[in-house]
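Novice: Before I ask anything, let me first share the structure, which is written out below as structure tokens.
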Amino acid sequence: MAEIVPCEAISGAFIVSPDVHGDERGVFVETYRREWIPGVREMIQANRGDRRAGSVVGLHYHLHQADYWYVPVGQARVVLHDLRSGSPTDGHTVALPLGTEADGVNHHRGVYIPPGVAHGFAALSDMTITYLVDGYYNPDDELGVAWDDPEVGAEWGVDIPVLSVRDQFNPRRSDIPDHLIPRFERSDSR
């Protein structure tokens with residue numbers, strides 16, 4: 001049975017360590033089950049991204065959408081930052097390894113990210129990320145905060161990050177307009 005652990009640094013986020021089944025043919029991993037994280041909306045779309053080593057994606061956030069990330073190939077450092085006003089972990093930042101770690105083993109962890117928590121990742125090697133979302137793409141809910149904001153204090157693990165144009169121009173946390181600051185709701189903490 002998968003082990004699901006609340007992320008101590010970010011209220012409402014969960015780290016999932018699924019069972020890995022393997023033999024001489026390879027491995028099989030059930031990477032996500034809705035029942036693992038009760039009380040959240042159903043994931044309705046799956047996406048895949050391939051990134052080159054040195055890429056940094058984010059920090060992005062949504063007012064209404066949750067994500068579930070899993071890295072089947074390569075090494076990523078995921079950064080989460082709680083932007084939710086009123087959250088017990090507002091202002092906290094955490095970095096988590098996903099995919100293949102320094103020990104050379106893919107521990108097959110996933111991470112559930114609630115709405116209002118800024119999220120991004122650094123590709124520490126060429127990598128693939130798969131992610132599930134509980135809402136269809138909505139450009140009005142695609143928001144961001146500067147990846148290098150000192151108030152966030154993210155440790156990305158790359159010396160010279162490769163960023164999209166969008167991510168180069170995200171505002172600092174202190175410059176996010178009030179109407180775009182997420183609000184914590186009790187149901188966020190599950």
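So you can find residues: chains in the structure tokens are A, B, ... in the order shown, residues in each start at 1, and ligands are numbered from 1 in order.
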Which residues, written as a list in words, have at least one atom at most 10 Å from A:Gln65, with only C-alpha atoms counted and residues fewer than 4 positions away on the same chain left out?

Specialist: Arg41, Met43, Tyr61, Ile113, Pro114, Pro115, Gly116, Val117, Val133, Asp134, Gly135, Tyr136, Tyr137, Asn138, Asp141 and Glu142 of chain A

Novice: Would you export the selected residues with N, CA, C and O atoms as a compact mmCIF listing (two decimals), in the first residue's frame, please?

Specialist:
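Contents of out-v3.txt, freshly written:
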# COMPACT_ATOMS: atom_id res chain seq x y z
N ARG A 41 -10.70 17.28 -5.10
CA ARG A 41 -11.47 17.10 -6.33
C ARG A 41 -10.78 16.07 -7.22
O ARG A 41 -9.58 15.85 -7.12
N MET A 43 -8.97 14.45 -10.29
CA MET A 43 -8.06 14.89 -11.34
C MET A 43 -8.69 14.56 -12.68
O MET A 43 -9.20 13.44 -12.87
N TYR A 61 1.37 29.31 -9.86
CA TYR A 61 0.32 28.99 -8.89
C TYR A 61 -1.03 29.21 -9.52
O TYR A 61 -1.17 29.86 -10.56
N ILE A 113 -0.23 19.07 -4.80
CA ILE A 113 -0.05 20.50 -4.56
C ILE A 113 -1.42 21.18 -4.58
O ILE A 113 -2.07 21.23 -5.62
N PRO A 114 -1.87 21.70 -3.44
CA PRO A 114 -3.20 22.33 -3.41
C PRO A 114 -3.19 23.70 -4.08
O PRO A 114 -2.13 24.32 -4.26
N PRO A 115 -4.38 24.20 -4.45
CA PRO A 115 -4.47 25.55 -5.01
C PRO A 115 -3.85 26.57 -4.05
O PRO A 115 -3.95 26.43 -2.84
N GLY A 116 -3.21 27.57 -4.64
CA GLY A 116 -2.63 28.64 -3.83
C GLY A 116 -1.20 28.41 -3.40
O GLY A 116 -0.56 29.29 -2.84
N VAL A 117 -0.67 27.22 -3.64
CA VAL A 117 0.72 26.93 -3.32
C VAL A 117 1.53 27.06 -4.61
O VAL A 117 1.28 26.36 -5.60
N VAL A 133 -4.10 17.30 -13.15
CA VAL A 133 -4.72 18.52 -12.65
C VAL A 133 -6.22 18.28 -12.48
O VAL A 133 -6.81 17.44 -13.15
N ASP A 134 -6.82 19.04 -11.56
CA ASP A 134 -8.25 18.87 -11.29
C ASP A 134 -9.11 19.93 -11.99
O ASP A 134 -10.26 20.13 -11.65
N GLY A 135 -8.54 20.58 -12.98
CA GLY A 135 -9.29 21.55 -13.78
C GLY A 135 -8.65 21.68 -15.16
O GLY A 135 -7.44 21.48 -15.30
N TYR A 136 -9.46 21.98 -16.16
CA TYR A 136 -8.92 22.18 -17.50
C TYR A 136 -8.17 23.51 -17.57
O TYR A 136 -8.40 24.42 -16.76
N TYR A 137 -7.29 23.63 -18.54
CA TYR A 137 -6.48 24.84 -18.70
C TYR A 137 -7.37 26.08 -18.72
O TYR A 137 -8.36 26.16 -19.45
N ASN A 138 -7.01 27.04 -17.87
CA ASN A 138 -7.71 28.30 -17.79
C ASN A 138 -6.65 29.40 -17.71
O ASN A 138 -5.98 29.55 -16.69
N ASP A 141 -6.24 31.51 -14.65
CA ASP A 141 -5.79 30.88 -13.41
C ASP A 141 -4.33 30.41 -13.54
O ASP A 141 -3.86 29.61 -12.76
N GLU A 142 -3.62 30.93 -14.52
CA GLU A 142 -2.19 30.63 -14.71
C GLU A 142 -1.40 31.83 -14.20
O GLU A 142 -1.20 32.80 -14.92

Novice: Need to verify the contact set: A:Cys7, 12 Å, only C-alpha atoms, exclusion of same-chain residues closer than 5 positions in sequence. Can you return it as a PDB file with N, CA, C and O atoms, in the first residue's frame?

Specialist:
ATOM      1  N   GLY A  12      -1.659  21.081   3.536  1.00  0.00           N
ATOM      2  CA  GLY A  12      -2.482  20.642   2.420  1.00  0.00           C
ATOM      3  C   GLY A  12      -1.729  19.955   1.304  1.00  0.00           C
ATOM      4  O   GLY A  12      -2.340  19.397   0.401  1.00  0.00           O
ATOM      5  N   ALA A  13      -0.399  19.992   1.326  1.00  0.00           N
ATOM      6  CA  ALA A  13       0.406  19.259   0.345  1.00  0.00           C
ATOM      7  C   ALA A  13       0.697  17.872   0.915  1.00  0.00           C
ATOM      8  O   ALA A  13       0.791  17.698   2.134  1.00  0.00           O
ATOM      9  N   PHE A  14       0.829  16.892   0.035  1.00  0.00           N
ATOM     10  CA  PHE A  14       1.089  15.520   0.458  1.00  0.00           C
ATOM     11  C   PHE A  14       2.201  14.918  -0.375  1.00  0.00           C
ATOM     12  O   PHE A  14       2.267  15.147  -1.582  1.00  0.00           O
ATOM     13  N   ILE A  15       3.054  14.123   0.278  1.00  0.00           N
ATOM     14  CA  ILE A  15       4.104  13.366  -0.396  1.00  0.00           C
ATOM     15  C   ILE A  15       3.619  11.924  -0.480  1.00  0.00           C
ATOM     16  O   ILE A  15       3.233  11.334   0.534  1.00  0.00           O
ATOM     17  N   VAL A  16       3.655  11.351  -1.663  1.00  0.00           N
ATOM     18  CA  VAL A  16       3.172   9.995  -1.892  1.00  0.00           C
ATOM     19  C   VAL A  16       4.347   9.106  -2.272  1.00  0.00           C
ATOM     20  O   VAL A  16       5.096   9.421  -3.201  1.00  0.00           O
ATOM     21  N   LEU A  80       8.099  24.184  -3.469  1.00  0.00           N
ATOM     22  CA  LEU A  80       6.751  24.621  -3.128  1.00  0.00           C
ATOM     23  C   LEU A  80       6.861  25.827  -2.194  1.00  0.00           C
ATOM     24  O   LEU A  80       7.717  25.836  -1.302  1.00  0.00           O
ATOM     25  N   HIS A  81       6.007  26.808  -2.396  1.00  0.00           N
ATOM     26  CA  HIS A  81       5.976  27.995  -1.535  1.00  0.00           C
ATOM     27  C   HIS A  81       4.519  28.344  -1.274  1.00  0.00           C
ATOM     28  O   HIS A  81       3.735  28.555  -2.213  1.00  0.00           O
ATOM     29  N   ASP A  82       4.136  28.417  -0.012  1.00  0.00           N
ATOM     30  CA  ASP A  82       2.756  28.683   0.365  1.00  0.00           C
ATOM     31  C   ASP A  82       2.461  30.177   0.278  1.00  0.00           C
ATOM     32  O   ASP A  82       3.001  30.978   1.044  1.00  0.00           O
ATOM     33  N   THR A  89       0.918  27.683   7.178  1.00  0.00           N
ATOM     34  CA  THR A  89       2.275  27.600   6.619  1.00  0.00           C
ATOM     35  C   THR A  89       2.532  28.712   5.600  1.00  0.00           C
ATOM     36  O   THR A  89       3.445  28.606   4.784  1.00  0.00           O
ATOM     37  N   HIS A  92       6.030  29.668   3.948  1.00  0.00           N
ATOM     38  CA  HIS A  92       6.995  28.562   4.030  1.00  0.00           C
ATOM     39  C   HIS A  92       7.374  28.080   2.635  1.00  0.00           C
ATOM     40  O   HIS A  92       6.546  28.054   1.727  1.00  0.00           O
ATOM     41  N   THR A  93       8.634  27.678   2.501  1.00  0.00           N
ATOM     42  CA  THR A  93       9.168  27.128   1.253  1.00  0.00           C
ATOM     43  C   THR A  93       9.804  25.787   1.567  1.00  0.00           C
ATOM     44  O   THR A  93      10.451  25.638   2.604  1.00  0.00           O
ATOM     45  N   VAL A  94       9.626  24.829   0.667  1.00  0.00           N
ATOM     46  CA  VAL A  94      10.247  23.526   0.823  1.00  0.00           C
ATOM     47  C   VAL A  94      10.738  23.055  -0.549  1.00  0.00           C
ATOM     48  O   VAL A  94      10.118  23.357  -1.565  1.00  0.00           O
ATOM     49  N   ALA A  95      11.880  22.365  -0.562  1.00  0.00           N
ATOM     50  CA  ALA A  95      12.411  21.735  -1.777  1.00  0.00           C
ATOM     51  C   ALA A  95      12.377  20.231  -1.571  1.00  0.00           C
ATOM     52  O   ALA A  95      12.784  19.736  -0.515  1.00  0.00           O
ATOM     53  N   LEU A  96      11.864  19.517  -2.560  1.00  0.00           N
ATOM     54  CA  LEU A  96      11.707  18.065  -2.483  1.00  0.00           C
ATOM     55  C   LEU A  96      12.343  17.402  -3.696  1.00  0.00           C
ATOM     56  O   LEU A  96      12.126  17.861  -4.817  1.00  0.00           O
ATOM     57  N   GLY A 110       5.546  10.984  -5.446  1.00  0.00           N
ATOM     58  CA  GLY A 110       4.744  11.998  -6.104  1.00  0.00           C
ATOM     59  C   GLY A 110       4.415  13.074  -5.093  1.00  0.00           C
ATOM     60  O   GLY A 110       4.618  12.892  -3.887  1.00  0.00           O
ATOM     61  N   VAL A 111       3.907  14.211  -5.563  1.00  0.00           N
ATOM     62  CA  VAL A 111       3.523  15.283  -4.643  1.00  0.00           C
ATOM     63  C   VAL A 111       2.198  15.889  -5.091  1.00  0.00           C
ATOM     64  O   VAL A 111       1.997  16.186  -6.275  1.00  0.00           O
ATOM     65  N   TYR A 112       1.270  16.009  -4.123  1.00  0.00           N
ATOM     66  CA  TYR A 112       0.000  16.681  -4.352  1.00  0.00           C
ATOM     67  C   TYR A 112       0.163  18.136  -3.913  1.00  0.00           C
ATOM     68  O   TYR A 112       0.620  18.413  -2.797  1.00  0.00           O
ATOM     69  N   ILE A 113      -0.229  19.068  -4.801  1.00  0.00           N
ATOM     70  CA  ILE A 113      -0.046  20.499  -4.562  1.00  0.00           C
ATOM     71  C   ILE A 113      -1.416  21.179  -4.580  1.00  0.00           C
ATOM     72  O   ILE A 113      -2.069  21.229  -5.624  1.00  0.00           O
ATOM     73  N   PRO A 114      -1.869  21.704  -3.436  1.00  0.00           N
ATOM     74  CA  PRO A 114      -3.203  22.331  -3.410  1.00  0.00           C
ATOM     75  C   PRO A 114      -3.190  23.705  -4.084  1.00  0.00           C
ATOM     76  O   PRO A 114      -2.130  24.322  -4.263  1.00  0.00           O
ATOM     77  N   SER A 189      -6.449  22.031   4.018  1.00  0.00           N
ATOM     78  CA  SER A 189      -5.545  21.263   4.857  1.00  0.00           C
ATOM     79  C   SER A 189      -5.882  19.783   4.898  1.00  0.00           C
ATOM     80  O   SER A 189      -5.106  18.974   5.356  1.00  0.00           O
ATOM     81  N   ARG A 190      -7.042  19.385   4.442  1.00  0.00           N
ATOM     82  CA  ARG A 190      -7.528  17.996   4.380  1.00  0.00           C
ATOM     83  C   ARG A 190      -7.321  17.321   5.694  1.00  0.00           C
ATOM     84  O   ARG A 190      -6.536  16.599   6.061  1.00  0.00           O
TER      85      ARG A 190
END

Novice: Determine, counting only C-alpha atoms, which protein, DNA and RNA residues have an atom within 12 Å of an atom of A:Ala102; residues of the same chain fewer than 6 positions away are not included. Present the result as a PyMOL selection string.

Specialist: chain A and resi 74-77+124-125

Novice: What does the file look like for those residues with C-alpha atoms, as a short mmCIF file (atom, residue, chain, number, x, y, z; two decimals), in the first residue's frame?

Specialist:
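Generated output (part.cif):
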data_model
loop_
_atom_site.label_atom_id
_atom_site.label_comp_id
_atom_site.auth_asym_id
_atom_site.auth_seq_id
_atom_site.Cartn_x
_atom_site.Cartn_y
_atom_site.Cartn_z
CA GLY A 74 15.45 11.87 -14.51
CA GLN A 75 16.09 14.02 -11.48
CA ALA A 76 14.07 17.05 -10.36
CA ARG A 77 14.09 19.37 -7.39
CA LEU A 124 18.87 18.44 -12.32
CA SER A 125 19.21 16.08 -15.31
#

Novice: Stretch 40-76 of chain A: which residues are strand (DSSP E) by DSSP, as a count of residues only?

Specialist: 22

Novice: Excluding A:Pro18 and residues on its chain fewer than 2 positions from it, collect all residues at most 12 Å away from it, counting only C-alpha atoms, and give them as a VMD selection string.

Specialist: chain A and resid 1 to 5 15 to 16 20 to 21 28 to 33 36 70 106 to 111

Novice: Quick one: pick out all alpha helix (DSSP H) residues within chain A from a backbone DSSP run and write them as a PyMOL selection string.

Specialist: chain A and resi 165-168

Novice: Which stretch 8-101 of chain A residues have any atom within 10 Å of an atom of stretch 164-181 of chain A, and for each, what is the nearest pair of atoms with distance in Å to one decimal, counting only C-alpha atoms, rows sorted by chain and number, as JSON lines?

Specialist:
{"residue": "A:Ser55", "atom": "CA", "partner": "A:Ser164", "partner_atom": "CA", "distance": 8.8}
{"residue": "A:Val56", "atom": "CA", "partner": "A:Ser164", "partner_atom": "CA", "distance": 8.2}
{"residue": "A:Val57", "atom": "CA", "partner": "A:Asp167", "partner_atom": "CA", "distance": 7.1}
{"residue": "A:Gly58", "atom": "CA", "partner": "A:Asp167", "partner_atom": "CA", "distance": 5.9}
{"residue": "A:Leu59", "atom": "CA", "partner": "A:Asp167", "partner_atom": "CA", "distance": 7.2}
{"residue": "A:His60", "atom": "CA", "partner": "A:Asp167", "partner_atom": "CA", "distance": 8.3}
{"residue": "A:Tyr61", "atom": "CA", "partner": "A:Ile181", "partner_atom": "CA", "distance": 9.9}
{"residue": "A:His62", "atom": "CA", "partner": "A:Leu180", "partner_atom": "CA", "distance": 9.2}
{"residue": "A:Leu63", "atom": "CA", "partner": "A:Leu180", "partner_atom": "CA", "distance": 7.6}
{"residue": "A:Leu83", "atom": "CA", "partner": "A:Ile181", "partner_atom": "CA", "distance": 6.9}
{"residue": "A:Arg84", "atom": "CA", "partner": "A:Ile181", "partner_atom": "CA", "distance": 6.8}
{"residue": "A:Ser85", "atom": "CA", "partner": "A:Ile181", "partner_atom": "CA", "distance": 7.1}
{"residue": "A:Gly91", "atom": "CA", "partner": "A:Arg173", "partner_atom": "CA", "distance": 9.6}
